[in-house]
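Enquirer: One file: entry38.tsv (TSV, C-alpha atoms and all ligand atoms).
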```
chain	number	residue	atom	x	y	z
A	1	MET	CA	18.26	-136.79	-50.97
A	2	ASP	CA	15.88	-138.61	-53.31
A	3	LEU	CA	18.24	-140.13	-55.87
A	4	ASP	CA	15.42	-141.43	-58.08
A	5	ARG	CA	14.58	-137.83	-58.96
A	6	HIS	CA	18.01	-137.21	-60.51
A	7	ASP	CA	18.47	-137.50	-64.26
A	8	PHE	CA	21.84	-139.15	-64.93
A	9	LYS	CA	21.34	-138.94	-68.72
A	10	LEU	CA	22.57	-142.49	-69.17
A	11	ASP	CA	20.73	-142.93	-72.51
A	12	GLU	CA	22.97	-140.29	-74.13
A	13	LEU	CA	26.05	-141.91	-72.63
A	14	ILE	CA	25.04	-145.42	-73.71
A	15	GLY	CA	24.30	-144.08	-77.23
A	16	ARG	CA	27.83	-142.67	-77.44
A	17	ILE	CA	29.39	-145.90	-76.14
A	18	GLN	CA	27.45	-147.98	-78.71
A	19	GLU	CA	28.20	-145.61	-81.56
A	20	ASN	CA	31.95	-145.78	-80.90
A	21	ASP	CA	31.88	-149.43	-79.91
A	22	HIS	CA	33.83	-148.66	-76.72
A	23	ARG	CA	34.93	-151.72	-74.76
A	24	LEU	CA	36.16	-150.10	-71.54
A	25	VAL	CA	34.72	-146.91	-70.10
A	26	ALA	CA	35.14	-145.18	-66.74
A	27	LEU	CA	32.64	-143.40	-64.51
A	28	GLN	CA	33.75	-140.55	-62.28
A	29	VAL	CA	31.01	-139.68	-59.83
A	30	PRO	CA	30.86	-137.03	-57.07
A	31	GLU	CA	30.66	-138.22	-53.47
A	32	GLY	CA	26.94	-137.44	-53.09
A	33	LEU	CA	25.98	-139.66	-56.02
A	34	LYS	CA	28.34	-142.61	-55.41
A	35	MET	CA	25.51	-144.58	-53.78
A	36	GLN	CA	23.99	-145.03	-57.23
A	37	ALA	CA	27.25	-145.74	-59.07
A	38	LEU	CA	26.92	-149.54	-59.08
A	39	GLU	CA	23.38	-149.31	-60.40
A	40	MET	CA	24.63	-147.05	-63.22
A	41	MET	CA	27.46	-149.46	-64.02
A	42	ASP	CA	24.92	-152.32	-64.27
A	43	GLU	CA	22.71	-150.29	-66.59
A	44	ILE	CA	25.58	-149.36	-68.94
A	45	GLU	CA	26.98	-152.91	-69.03
A	46	THR	CA	23.53	-154.38	-69.74
A	47	ALA	CA	22.76	-151.91	-72.55
A	48	SER	CA	26.18	-152.01	-74.27
A	49	SER	CA	29.13	-154.32	-74.75
A	50	ALA	CA	31.40	-152.07	-72.66
A	51	LYS	CA	32.84	-152.93	-69.27
A	52	VAL	CA	32.72	-150.08	-66.74
A	53	VAL	CA	35.38	-149.04	-64.21
A	54	LEU	CA	34.41	-146.73	-61.37
A	55	ALA	CA	37.09	-144.14	-60.56
A	56	ALA	CA	36.41	-144.62	-56.87
A	57	ASP	CA	38.74	-142.02	-55.34
A	58	PRO	CA	37.01	-138.97	-53.83
A	59	CYS	CA	35.84	-136.48	-56.46
A	60	TYR	CA	34.63	-132.98	-55.62
A	61	GLY	CA	34.72	-131.18	-58.94
A	62	ALA	CA	35.64	-131.10	-62.60
A	63	CYS	CA	39.03	-129.81	-61.39
A	64	ASP	CA	39.70	-133.45	-60.57
A	65	LEU	CA	40.25	-135.34	-63.84
A	66	VAL	CA	41.52	-138.90	-63.73
A	67	HIS	CA	42.31	-139.28	-67.39
A	68	ASP	CA	46.01	-140.03	-67.23
A	69	LYS	CA	45.34	-142.96	-64.89
A	70	MET	CA	42.33	-144.17	-66.88
A	71	GLN	CA	44.26	-143.97	-70.14
A	72	MET	CA	46.99	-146.14	-68.61
A	73	MET	CA	44.25	-148.65	-67.79
A	74	GLY	CA	43.11	-148.70	-71.42
A	75	VAL	CA	39.86	-146.81	-70.81
A	76	GLU	CA	38.46	-145.29	-74.03
A	77	LEU	CA	35.89	-142.86	-72.61
A	78	VAL	CA	35.44	-141.20	-69.22
A	79	ALA	CA	31.94	-140.15	-68.12
A	80	HIS	CA	32.36	-137.38	-65.55
A	81	MET	CA	29.08	-137.01	-63.65
A	82	GLY	CA	27.61	-134.02	-61.86
A	83	HIS	CA	30.11	-131.37	-62.96
A	84	SER	CA	30.63	-129.31	-66.09
A	85	GLN	CA	33.75	-129.00	-68.17
A	86	MET	CA	36.31	-126.44	-67.01
A	87	ASN	CA	38.93	-124.54	-68.94
A	88	ILE	CA	41.34	-127.46	-68.68
A	89	GLU	CA	42.16	-130.13	-71.26
A	90	SER	CA	41.11	-133.65	-70.32
A	91	GLY	CA	43.34	-135.23	-73.00
A	92	MET	CA	40.94	-138.06	-73.89
A	93	PRO	CA	37.28	-138.53	-74.90
A	94	THR	CA	35.16	-137.30	-72.00
A	95	GLN	CA	31.44	-136.89	-71.51
A	96	PHE	CA	30.58	-134.33	-68.84
A	97	ILE	CA	27.09	-135.08	-67.56
A	98	ASP	CA	25.36	-132.30	-65.65
A	99	VAL	CA	23.09	-134.54	-63.56
A	100	THR	CA	19.85	-132.64	-62.89
A	101	TYR	CA	17.27	-132.87	-60.10
A	102	ASP	CA	13.57	-132.35	-60.73
A	103	GLY	CA	12.69	-130.50	-57.46
A	104	ASP	CA	10.81	-127.25	-58.05
A	105	PRO	CA	10.52	-125.31	-54.76
A	106	ASP	CA	7.91	-122.69	-54.00
A	107	LEU	CA	9.12	-119.08	-54.03
A	108	ALA	CA	6.95	-117.86	-51.15
A	109	PRO	CA	9.29	-118.74	-48.22
A	110	VAL	CA	12.20	-116.79	-49.70
A	111	ILE	CA	10.33	-113.58	-50.61
A	112	PRO	CA	10.65	-111.86	-47.17
A	113	MET	CA	14.44	-112.44	-47.29
A	114	LEU	CA	14.70	-111.08	-50.82
A	115	ASN	CA	12.78	-107.96	-49.78
A	116	LYS	CA	15.09	-107.43	-46.81
A	117	HIS	CA	18.19	-107.90	-48.97
A	118	LEU	CA	16.87	-105.60	-51.71
A	119	ALA	CA	16.40	-102.91	-49.04
A	120	ILE	CA	20.04	-103.40	-47.93
A	121	ALA	CA	21.26	-103.09	-51.54
A	122	LYS	CA	19.12	-99.97	-52.11
A	123	GLY	CA	20.49	-98.48	-48.89
A	124	ARG	CA	24.04	-98.99	-50.17
A	125	MET	CA	23.15	-97.38	-53.51
A	126	GLU	CA	21.53	-94.36	-51.88
A	127	ASN	CA	24.37	-93.81	-49.45
A	128	GLN	CA	26.84	-93.81	-52.31
A	129	ASN	CA	25.18	-90.77	-53.84
A	130	VAL	CA	25.46	-88.64	-50.73
A	131	ASP	CA	27.92	-85.98	-51.77
A	132	ASP	CA	29.50	-84.72	-48.60
A	133	ASP	CA	32.89	-84.81	-46.95
A	134	LEU	CA	33.04	-88.07	-45.11
A	135	SER	CA	35.79	-89.19	-42.82
A	136	GLU	CA	37.27	-92.58	-43.69
A	137	GLU	CA	35.38	-94.13	-40.76
A	138	GLU	CA	32.03	-92.67	-41.90
A	139	ALA	CA	32.62	-93.78	-45.46
A	140	LYS	CA	33.33	-97.31	-44.26
A	141	GLU	CA	30.09	-97.37	-42.27
A	142	ARG	CA	28.09	-96.35	-45.31
A	143	PHE	CA	29.55	-98.37	-48.14
A	144	MET	CA	31.14	-101.37	-46.56
A	145	ASP	CA	29.98	-104.78	-47.73
A	146	ALA	CA	29.94	-107.99	-45.68
A	147	VAL	CA	33.67	-108.55	-46.14
A	148	GLY	CA	34.75	-105.02	-45.30
A	149	ARG	CA	35.31	-103.56	-48.78
A	150	MET	CA	34.05	-100.24	-50.04
A	151	THR	CA	32.62	-101.44	-53.33
A	152	PRO	CA	30.14	-99.08	-55.01
A	153	LEU	CA	27.05	-100.54	-56.71
A	154	LYS	CA	25.62	-99.40	-60.06
A	155	ASP	CA	22.31	-101.21	-59.58
A	156	THR	CA	20.45	-103.44	-57.11
A	157	LYS	CA	19.52	-106.38	-59.35
A	158	LEU	CA	18.81	-109.81	-57.95
A	159	GLY	CA	21.52	-112.22	-59.13
A	160	LEU	CA	19.98	-115.66	-59.67
A	161	VAL	CA	22.50	-118.49	-59.38
A	162	GLY	CA	22.55	-122.17	-58.52
A	163	SER	CA	24.54	-125.33	-58.23
A	164	ILE	CA	24.75	-127.40	-61.37
A	165	GLN	CA	21.94	-129.89	-60.70
A	166	HIS	CA	19.39	-127.07	-60.38
A	167	LEU	CA	20.49	-124.69	-63.16
A	168	HIS	CA	17.70	-125.89	-65.47
A	169	LEU	CA	15.27	-124.18	-63.06
A	170	LEU	CA	16.81	-120.72	-63.52
A	171	PRO	CA	14.92	-119.48	-66.65
A	172	ASP	CA	11.55	-120.30	-65.05
A	173	PHE	CA	12.60	-118.80	-61.70
A	174	HIS	CA	13.82	-115.71	-63.55
A	175	ASP	CA	10.29	-115.19	-64.95
A	176	ARG	CA	8.56	-115.96	-61.66
A	177	LEU	CA	10.77	-113.52	-59.77
A	178	GLU	CA	10.30	-110.79	-62.39
A	179	LYS	CA	6.54	-111.27	-62.10
A	180	ALA	CA	6.95	-110.87	-58.33
A	181	GLY	CA	8.52	-107.45	-59.02
A	182	TYR	CA	12.30	-108.10	-58.92
A	183	ASP	CA	14.79	-107.00	-61.52
A	184	VAL	CA	16.56	-110.31	-62.07
A	185	THR	CA	19.79	-111.21	-63.82
A	186	ILE	CA	21.34	-114.64	-64.38
A	187	PRO	CA	25.07	-113.84	-64.36
A	188	MET	CA	27.40	-115.51	-66.85
A	189	GLY	CA	30.83	-116.20	-65.41
A	190	GLY	CA	34.28	-116.77	-66.92
A	191	ALA	CA	35.97	-119.67	-68.66
A	192	ARG	CA	35.93	-122.00	-65.63
A	193	LEU	CA	32.11	-122.02	-65.74
A	194	THR	CA	29.93	-123.50	-68.49
A	195	PHE	CA	26.34	-122.45	-67.79
A	196	PRO	CA	24.56	-119.12	-67.07
A	197	GLY	CA	24.01	-118.74	-63.32
A	198	GLN	CA	26.57	-121.41	-62.49
A	199	VAL	CA	28.80	-120.96	-59.43
A	200	LEU	CA	31.61	-123.16	-58.10
A	201	GLY	CA	33.13	-123.23	-54.64
A	202	CYS	CA	36.23	-121.58	-56.16
A	203	ASN	CA	34.70	-119.31	-58.79
A	204	TYR	CA	31.98	-116.63	-58.67
A	205	SER	CA	33.19	-114.69	-61.69
A	206	GLY	CA	29.66	-113.78	-62.90
A	207	ASP	CA	29.38	-111.16	-60.15
A	208	ASP	CA	29.35	-107.50	-61.19
A	209	ASP	CA	28.42	-104.11	-59.76
A	210	THR	CA	24.85	-104.18	-61.09
A	211	ILE	CA	23.99	-107.07	-58.75
A	212	GLY	CA	22.88	-105.93	-55.28
A	213	HIS	CA	21.89	-109.27	-53.75
A	214	TYR	CA	21.64	-112.98	-54.58
A	215	LEU	CA	19.28	-115.93	-54.63
A	216	PHE	CA	21.04	-119.29	-54.69
A	217	LEU	CA	19.13	-122.43	-55.73
A	218	GLY	CA	20.81	-125.37	-54.11
A	219	SER	CA	21.45	-127.12	-50.82
A	220	GLY	CA	24.10	-126.71	-48.14
A	221	ASP	CA	26.15	-123.63	-47.40
A	222	PHE	CA	29.33	-124.46	-49.36
A	223	HIS	CA	28.55	-122.28	-52.39
A	224	PRO	CA	26.71	-119.56	-50.40
A	225	ILE	CA	29.67	-119.06	-48.02
A	226	GLY	CA	32.06	-118.65	-50.96
A	227	LEU	CA	29.67	-116.36	-52.82
A	228	VAL	CA	29.30	-113.99	-49.85
A	229	LEU	CA	33.04	-114.09	-49.08
A	230	HIS	CA	33.70	-113.23	-52.73
A	231	THR	CA	31.00	-110.59	-53.29
A	232	GLY	CA	30.17	-109.27	-49.80
A	233	LYS	CA	26.50	-109.16	-50.87
A	234	PRO	CA	23.38	-110.43	-49.05
A	235	LEU	CA	22.31	-113.91	-50.11
A	236	ALA	CA	19.18	-116.03	-49.70
A	237	MET	CA	19.12	-119.75	-50.40
A	238	LEU	CA	16.21	-121.85	-51.63
A	239	ASP	CA	16.75	-125.60	-51.37
A	240	PRO	CA	15.10	-127.59	-54.19
A	241	TYR	CA	15.45	-130.81	-52.15
A	242	SER	CA	13.59	-129.61	-49.05
A	243	GLY	CA	11.81	-126.43	-50.23
A	244	ASP	CA	13.42	-124.59	-47.27
A	245	ALA	CA	14.54	-120.97	-47.52
A	246	ILE	CA	17.31	-119.55	-45.35
A	247	GLU	CA	19.71	-116.64	-45.57
A	248	MET	CA	23.47	-116.54	-45.19
A	249	SER	CA	23.80	-114.39	-42.12
A	250	PHE	CA	26.45	-111.69	-41.99
A	251	GLU	CA	27.24	-112.93	-38.44
A	252	ARG	CA	28.29	-116.28	-39.94
A	253	ILE	CA	30.56	-114.48	-42.42
A	254	GLU	CA	31.96	-112.34	-39.62
A	255	ARG	CA	32.80	-115.48	-37.61
A	256	ILE	CA	34.68	-116.88	-40.62
A	257	LEU	CA	36.53	-113.58	-41.07
A	258	ARG	CA	37.48	-113.54	-37.39
A	259	GLN	CA	38.88	-117.04	-37.78
A	260	ARG	CA	40.82	-116.00	-40.91
A	261	SER	CA	42.18	-112.96	-39.11
A	262	GLY	CA	43.32	-115.19	-36.19
A	263	LEU	CA	45.12	-117.55	-38.59
A	264	ILE	CA	46.85	-114.62	-40.31
A	265	MET	CA	48.01	-113.29	-36.93
A	266	SER	CA	49.39	-116.66	-35.90
A	267	SER	CA	51.26	-116.93	-39.25
A	268	MET	CA	52.96	-113.55	-38.81
A	269	ASP	CA	55.80	-114.92	-36.69
A	270	ALA	CA	56.13	-118.15	-38.68
A	271	ASN	CA	59.47	-118.59	-40.44
A	272	ARG	CA	59.09	-121.93	-42.20
A	273	PHE	CA	56.09	-122.50	-44.47
A	274	GLY	CA	54.87	-125.50	-46.41
A	275	ILE	CA	53.43	-124.29	-49.74
A	276	LEU	CA	50.80	-126.78	-50.95
A	277	ILE	CA	50.46	-127.35	-54.71
A	278	GLY	CA	47.41	-129.36	-55.82
A	279	GLU	CA	48.19	-132.13	-58.29
A	280	LYS	CA	44.63	-132.26	-59.64
A	281	PRO	CA	44.66	-130.62	-63.09
A	282	GLY	CA	42.11	-127.90	-62.24
A	283	GLN	CA	43.72	-127.05	-58.90
A	284	MET	CA	47.34	-126.87	-59.96
A	285	ARG	CA	48.58	-123.29	-59.43
A	286	ARG	CA	52.30	-123.73	-59.87
A	287	THR	CA	52.98	-120.09	-60.77
A	288	LEU	CA	51.12	-118.87	-57.70
A	289	ALA	CA	53.01	-121.34	-55.48
A	290	LEU	CA	56.35	-120.17	-56.87
A	291	ARG	CA	55.31	-116.55	-56.36
A	292	MET	CA	54.53	-117.34	-52.70
A	293	LYS	CA	57.95	-118.98	-52.32
A	294	ARG	CA	59.68	-115.90	-53.75
A	295	LEU	CA	57.60	-113.63	-51.52
A	296	LEU	CA	58.61	-115.62	-48.43
A	297	GLU	CA	62.27	-115.44	-49.49
A	298	LYS	CA	61.95	-111.67	-49.91
A	299	HIS	CA	60.87	-111.50	-46.26
A	300	GLY	CA	63.72	-113.73	-45.13
A	301	LYS	CA	61.48	-116.77	-44.62
A	302	LYS	CA	61.58	-120.28	-45.99
A	303	GLY	CA	58.91	-121.88	-48.21
A	304	TYR	CA	58.92	-125.62	-49.06
A	305	LEU	CA	56.87	-126.64	-52.11
A	306	LEU	CA	54.74	-129.71	-51.33
A	307	ALA	CA	52.76	-131.28	-54.19
A	308	LEU	CA	49.78	-133.44	-53.22
A	309	GLU	CA	46.77	-134.93	-54.95
A	310	HIS	CA	44.66	-135.01	-51.78
A	311	VAL	CA	45.28	-132.58	-48.92
A	312	GLY	CA	44.56	-133.72	-45.36
A	313	PRO	CA	45.98	-133.14	-41.86
A	314	GLU	CA	47.47	-136.65	-41.69
A	315	LEU	CA	49.42	-135.92	-44.90
A	316	ILE	CA	51.03	-132.61	-43.87
A	317	ASP	CA	50.80	-131.89	-40.13
A	318	PHE	CA	54.02	-133.77	-39.34
A	319	TYR	CA	56.33	-131.60	-41.49
A	320	PRO	CA	58.62	-129.41	-39.37
A	321	VAL	CA	57.20	-126.11	-40.59
A	322	ASP	CA	55.30	-123.40	-38.66
A	323	ALA	CA	52.40	-122.85	-41.09
A	324	PHE	CA	51.01	-123.85	-44.51
A	325	VAL	CA	49.98	-121.78	-47.52
A	326	ASN	CA	47.47	-123.55	-49.71
A	327	THR	CA	47.42	-123.04	-53.49
A	328	ALA	CA	45.31	-126.18	-54.18
A	329	CYS	CA	41.48	-126.02	-53.87
A	330	PRO	CA	40.84	-122.68	-52.08
A	331	ARG	CA	38.15	-124.22	-49.93
A	332	ILE	CA	40.63	-126.48	-48.10
A	333	ALA	CA	41.99	-123.46	-46.23
A	334	ILE	CA	38.62	-121.75	-45.74
A	335	ASP	CA	36.40	-124.69	-44.74
A	336	ASP	CA	38.81	-127.18	-43.17
A	337	ALA	CA	41.34	-125.00	-41.31
A	338	VAL	CA	40.24	-126.27	-37.87
A	339	ARG	CA	41.24	-129.83	-38.79
A	340	TYR	CA	44.91	-128.84	-39.05
A	341	ALA	CA	47.33	-128.50	-36.14
A	342	LYS	CA	49.14	-125.56	-37.76
A	343	PRO	CA	47.78	-122.43	-39.43
A	344	LEU	CA	46.60	-123.14	-43.00
A	345	ILE	CA	46.15	-119.90	-44.94
A	346	THR	CA	45.40	-118.73	-48.50
A	347	PRO	CA	47.93	-116.87	-50.69
A	348	TYR	CA	46.12	-113.55	-50.09
A	349	GLU	CA	46.25	-114.20	-46.34
A	350	LEU	CA	50.00	-114.83	-46.54
A	351	GLU	CA	50.38	-111.48	-48.30
A	352	VAL	CA	48.48	-109.86	-45.42
A	353	ALA	CA	50.62	-111.69	-42.84
A	354	LEU	CA	53.76	-110.40	-44.59
A	355	GLY	CA	52.42	-106.84	-44.75
A	356	GLU	CA	52.17	-106.85	-48.57
A	357	LYS	CA	48.39	-106.41	-48.49
A	358	LYS	CA	46.12	-104.66	-46.02
A	359	TRP	CA	43.32	-106.56	-44.21
A	360	GLU	CA	41.60	-103.18	-43.69
A	361	MET	CA	40.96	-102.90	-47.45
A	362	GLY	CA	38.52	-105.82	-47.21
A	363	TYR	CA	38.85	-109.59	-47.49
A	364	GLN	CA	39.85	-111.10	-50.84
A	365	PHE	CA	38.45	-114.53	-51.60
A	366	ASP	CA	40.97	-116.91	-53.19
A	367	GLU	CA	39.37	-117.50	-56.59
A	368	ILE	CA	40.69	-119.82	-59.30
A	369	PRO	CA	39.90	-118.04	-62.60
A	401	LIG	S1	38.95	-126.39	-56.89
A	401	LIG	FE1	37.73	-126.94	-55.09
A	401	LIG	S2	35.93	-125.62	-55.15
A	401	LIG	FE2	36.87	-125.58	-57.18
A	401	LIG	S3	35.79	-127.14	-58.35
A	401	LIG	FE3	37.61	-128.10	-57.46
A	401	LIG	S4	36.91	-129.00	-55.54
A	401	LIG	FE4	35.35	-127.51	-56.18
```
Go ahead and express the file in the form of structure tokens.
Ligand code: SF4

Expert:
Amino acid sequence: MDLDRHDFKLDELIGRIQENDHRLVALQVPEGLKMQALEMMDEIETASSAKVVLAADPCYGACDLVHDKMQMMGVELVAHMGHSQMNIESGMPTQFIDVTYDGDPDLAPVIPMLNKHLAIAKGRMENQNVDDDLSEEEAKERFMDAVGRMTPLKDTKLGLVGSIQHLHLLPDFHDRLEKAGYDVTIPMGGARLTFPGQVLGCNYSGDDDTIGHYLFLGSGDFHPIGLVLHTGKPLAMLDPYSGDAIEMSFERIERILRQRSGLIMSSMDANRFGILIGEKPGQMRRTLALRMKRLLEKHGKKGYLLALEHVGPELIDFYPVDAFVNTACPRIAIDDAVRYAKPLITPYELEVALGEKKWEMGYQFDEIP
């Protein structure tokens, strides 16, 4: 990753620090940008009379606010880099800085994938309109999406989304894709998201039934996996760092679903569960955790509420329980399950294991609204 091509918007931040004559400020920086943190601290301290503290614990999202600790330290302003504000109160002056990257990839490599995905979406639309008596099996074959749901489409638009550092590219990509013949929409999500086209690993709320397939601008498969698990729709990815285009294969999603199904099966006979509650403000789902505890009790099983700031195998594997239900960051169960000695499942998956929900109705991604 070429860090020099990121815009950290330090001038705005320094302006705010000078204007308010702050003496102690904190930087909270995501893991991928920590390499440049000391350089940023130098720049702020040289240009202002403030001293800078780096909140050096791991940070993966705006769900993770460190304000209570920073306030105790006497910090007057927190600059939270690389994420946008969520629907949670930070409780002290905070500057969210949506660090941007200036890469501008060529569309050509992704066009064949978009054409293939548009054809899949059109196929689903056409099959929906066939008015004949279908058996349940036949209906499944025709309408089923990548996660096994029968979700009708109203249109086959291309949903254009991205991770936060590339969202500034979306309006221009919208026009370029429309010129190339696609009907493009930049979906606006719910309160957890700030910008049009924004997606998070735990929230894809901009999706609707007019979108038939997706183009994601960003790198890595973290967001794409979540987006396909949530929507069941075909997805192509264009990486602004490398210019590479790839697609999220349905085989990959199937492998994940097989793994989830295996974990559900091995939780069916479990009697004692650890219910994980995230202590980070944007991950704390106390009501959901309590609902899971009541549900376990209803089925004659035991649920122990375990509150943690960070979740890791070394912090929970030793408890004498048979399985864990995770209500903290949803991606801990989905992406990291193999690291744990015992089954680690989502709340929806527990409901399936207990027979309260049916796997056959299609997979439900654990979204934080
Ligand atoms: S809850 Fe998880 S996926 Fe959502 S923003 Fe936080 S770290 Fe990212």

Enquirer: Quick one: pull the distance between atom CA of Lys9 of chain A and atom CA of Asp102 of chain A, Å, one decimal.

Expert: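 According to the coordinates, atom CA of Lys9 of chain A and atom CA of Asp102 of chain A are separated by 12.9 Å.
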
Enquirer: Could you pull the residues within 12 Å of segment 39-41 of chain A, counting only C-alpha atoms, minus those fewer than 4 positions along the same chain, as a VMD selection string?

Expert: chain A and resid 3 to 4 7 to 11 13 to 14 24 to 29 33 to 35 45 to 55 79 81

Enquirer: List every residue of segment 279-337 of chain A that has an atom at most 12 Å from any atom of segment 82-96 of chain A, giving for each one its closest atom pair and the distance in Å to one decimal, counting all atoms listed in the file, sorted by chain and then by ascending residue number, as JSON lines.

Expert:
```
{"residue": "A:Lys280", "atom": "CA", "partner": "A:Ile88", "partner_atom": "CA", "distance": 10.8}
{"residue": "A:Pro281", "atom": "CA", "partner": "A:Ile88", "partner_atom": "CA", "distance": 7.2}
{"residue": "A:Gly282", "atom": "CA", "partner": "A:Ile88", "partner_atom": "CA", "distance": 6.5}
{"residue": "A:Gln283", "atom": "CA", "partner": "A:Ile88", "partner_atom": "CA", "distance": 10.1}
{"residue": "A:Met284", "atom": "CA", "partner": "A:Ile88", "partner_atom": "CA", "distance": 10.6}
```

Enquirer: Please provide as an MDAnalysis selection string all residues within 10 Å of Leu296 of chain A, with the sequence filter that same-chain residues fewer than 4 positions apart are discarded (counting all atoms listed in the file).

Expert: chainID A and resid 271:273 290:292 300:303 350:351 354

Enquirer: Every residue with an atom at most 10 Å from (21.2, -101.1, -63.6) (file coordinates; only C-alpha atoms) is what I'm after, so could you write them as a PyMOL selection string?

Expert: chain A and resi 153-157+183+209-212

Enquirer: With C-alpha atoms retained, output segment 199-261 of chain A as a PDB file, in the first residue's frame.

Expert:
```
ATOM      1  CA  VAL A 199     -20.514  -0.444   3.490  1.00  0.00           C
ATOM      2  CA  LEU A 200     -19.129  -1.792   6.767  1.00  0.00           C
ATOM      3  CA  GLY A 201     -18.207  -5.342   7.672  1.00  0.00           C
ATOM      4  CA  CYS A 202     -21.311  -5.413   9.889  1.00  0.00           C
ATOM      5  CA  ASN A 203     -23.748  -3.285   7.898  1.00  0.00           C
ATOM      6  CA  TYR A 204     -24.986  -3.423   4.284  1.00  0.00           C
ATOM      7  CA  SER A 205     -28.275  -1.666   4.913  1.00  0.00           C
ATOM      8  CA  GLY A 206     -28.277   0.189   1.550  1.00  0.00           C
ATOM      9  CA  ASP A 207     -29.253  -3.027  -0.236  1.00  0.00           C
ATOM     10  CA  ASP A 208     -32.741  -3.211  -1.744  1.00  0.00           C
ATOM     11  CA  ASP A 209     -34.673  -5.288  -4.263  1.00  0.00           C
ATOM     12  CA  THR A 210     -33.886  -3.004  -7.210  1.00  0.00           C
ATOM     13  CA  ILE A 211     -30.202  -3.961  -7.017  1.00  0.00           C
ATOM     14  CA  GLY A 212     -29.342  -7.114  -8.981  1.00  0.00           C
ATOM     15  CA  HIS A 213     -25.556  -7.156  -8.597  1.00  0.00           C
ATOM     16  CA  TYR A 214     -22.690  -5.179  -7.062  1.00  0.00           C
ATOM     17  CA  LEU A 215     -19.389  -3.516  -7.837  1.00  0.00           C
ATOM     18  CA  PHE A 216     -17.215  -2.933  -4.773  1.00  0.00           C
ATOM     19  CA  LEU A 217     -14.325  -0.451  -4.933  1.00  0.00           C
ATOM     20  CA  GLY A 218     -11.788  -1.493  -2.368  1.00  0.00           C
ATOM     21  CA  SER A 219      -9.208  -4.099  -1.479  1.00  0.00           C
ATOM     22  CA  GLY A 220      -9.406  -7.435   0.315  1.00  0.00           C
ATOM     23  CA  ASP A 221     -12.418  -9.676   0.663  1.00  0.00           C
ATOM     24  CA  PHE A 222     -13.656  -8.599   4.111  1.00  0.00           C
ATOM     25  CA  HIS A 223     -16.443  -6.311   2.878  1.00  0.00           C
ATOM     26  CA  PRO A 224     -17.266  -8.409  -0.229  1.00  0.00           C
ATOM     27  CA  ILE A 225     -17.771 -11.590   1.841  1.00  0.00           C
ATOM     28  CA  GLY A 226     -20.165  -9.772   4.180  1.00  0.00           C
ATOM     29  CA  LEU A 227     -21.996  -8.098   1.303  1.00  0.00           C
ATOM     30  CA  VAL A 228     -22.640 -11.406  -0.484  1.00  0.00           C
ATOM     31  CA  LEU A 229     -23.582 -13.185   2.773  1.00  0.00           C
ATOM     32  CA  HIS A 230     -26.024 -10.354   3.474  1.00  0.00           C
ATOM     33  CA  THR A 231     -27.509  -9.877  -0.004  1.00  0.00           C
ATOM     34  CA  GLY A 232     -26.900 -13.190  -1.813  1.00  0.00           C
ATOM     35  CA  LYS A 233     -26.122 -11.167  -4.964  1.00  0.00           C
ATOM     36  CA  PRO A 234     -23.200 -11.479  -7.418  1.00  0.00           C
ATOM     37  CA  LEU A 235     -20.325  -9.118  -6.673  1.00  0.00           C
ATOM     38  CA  ALA A 236     -17.260  -7.898  -8.561  1.00  0.00           C
ATOM     39  CA  MET A 237     -14.396  -6.085  -6.870  1.00  0.00           C
ATOM     40  CA  LEU A 238     -12.097  -3.461  -8.341  1.00  0.00           C
ATOM     41  CA  ASP A 239      -9.034  -2.686  -6.239  1.00  0.00           C
ATOM     42  CA  PRO A 240      -7.926   0.974  -6.427  1.00  0.00           C
ATOM     43  CA  TYR A 241      -4.506   0.031  -4.979  1.00  0.00           C
ATOM     44  CA  SER A 242      -3.588  -2.590  -7.590  1.00  0.00           C
ATOM     45  CA  GLY A 243      -6.100  -1.985 -10.408  1.00  0.00           C
ATOM     46  CA  ASP A 244      -7.019  -5.708 -10.211  1.00  0.00           C
ATOM     47  CA  ALA A 245     -10.560  -6.945 -10.786  1.00  0.00           C
ATOM     48  CA  ILE A 246     -11.861 -10.168  -9.258  1.00  0.00           C
ATOM     49  CA  GLU A 247     -15.243 -11.596  -8.393  1.00  0.00           C
ATOM     50  CA  MET A 248     -16.523 -13.085  -5.157  1.00  0.00           C
ATOM     51  CA  SER A 249     -17.193 -16.630  -6.248  1.00  0.00           C
ATOM     52  CA  PHE A 250     -20.357 -18.372  -5.113  1.00  0.00           C
ATOM     53  CA  GLU A 251     -18.140 -21.420  -4.359  1.00  0.00           C
ATOM     54  CA  ARG A 252     -16.318 -19.338  -1.732  1.00  0.00           C
ATOM     55  CA  ILE A 253     -19.650 -18.333  -0.178  1.00  0.00           C
ATOM     56  CA  GLU A 254     -20.804 -21.952  -0.277  1.00  0.00           C
ATOM     57  CA  ARG A 255     -17.646 -23.027   1.581  1.00  0.00           C
ATOM     58  CA  ILE A 256     -18.368 -20.434   4.286  1.00  0.00           C
ATOM     59  CA  LEU A 257     -21.983 -21.606   4.525  1.00  0.00           C
ATOM     60  CA  ARG A 258     -20.855 -25.231   4.834  1.00  0.00           C
ATOM     61  CA  GLN A 259     -18.570 -24.196   7.684  1.00  0.00           C
ATOM     62  CA  ARG A 260     -21.414 -22.271   9.368  1.00  0.00           C
ATOM     63  CA  SER A 261     -23.717 -25.253   8.978  1.00  0.00           C
TER      64      SER A 261
END
```
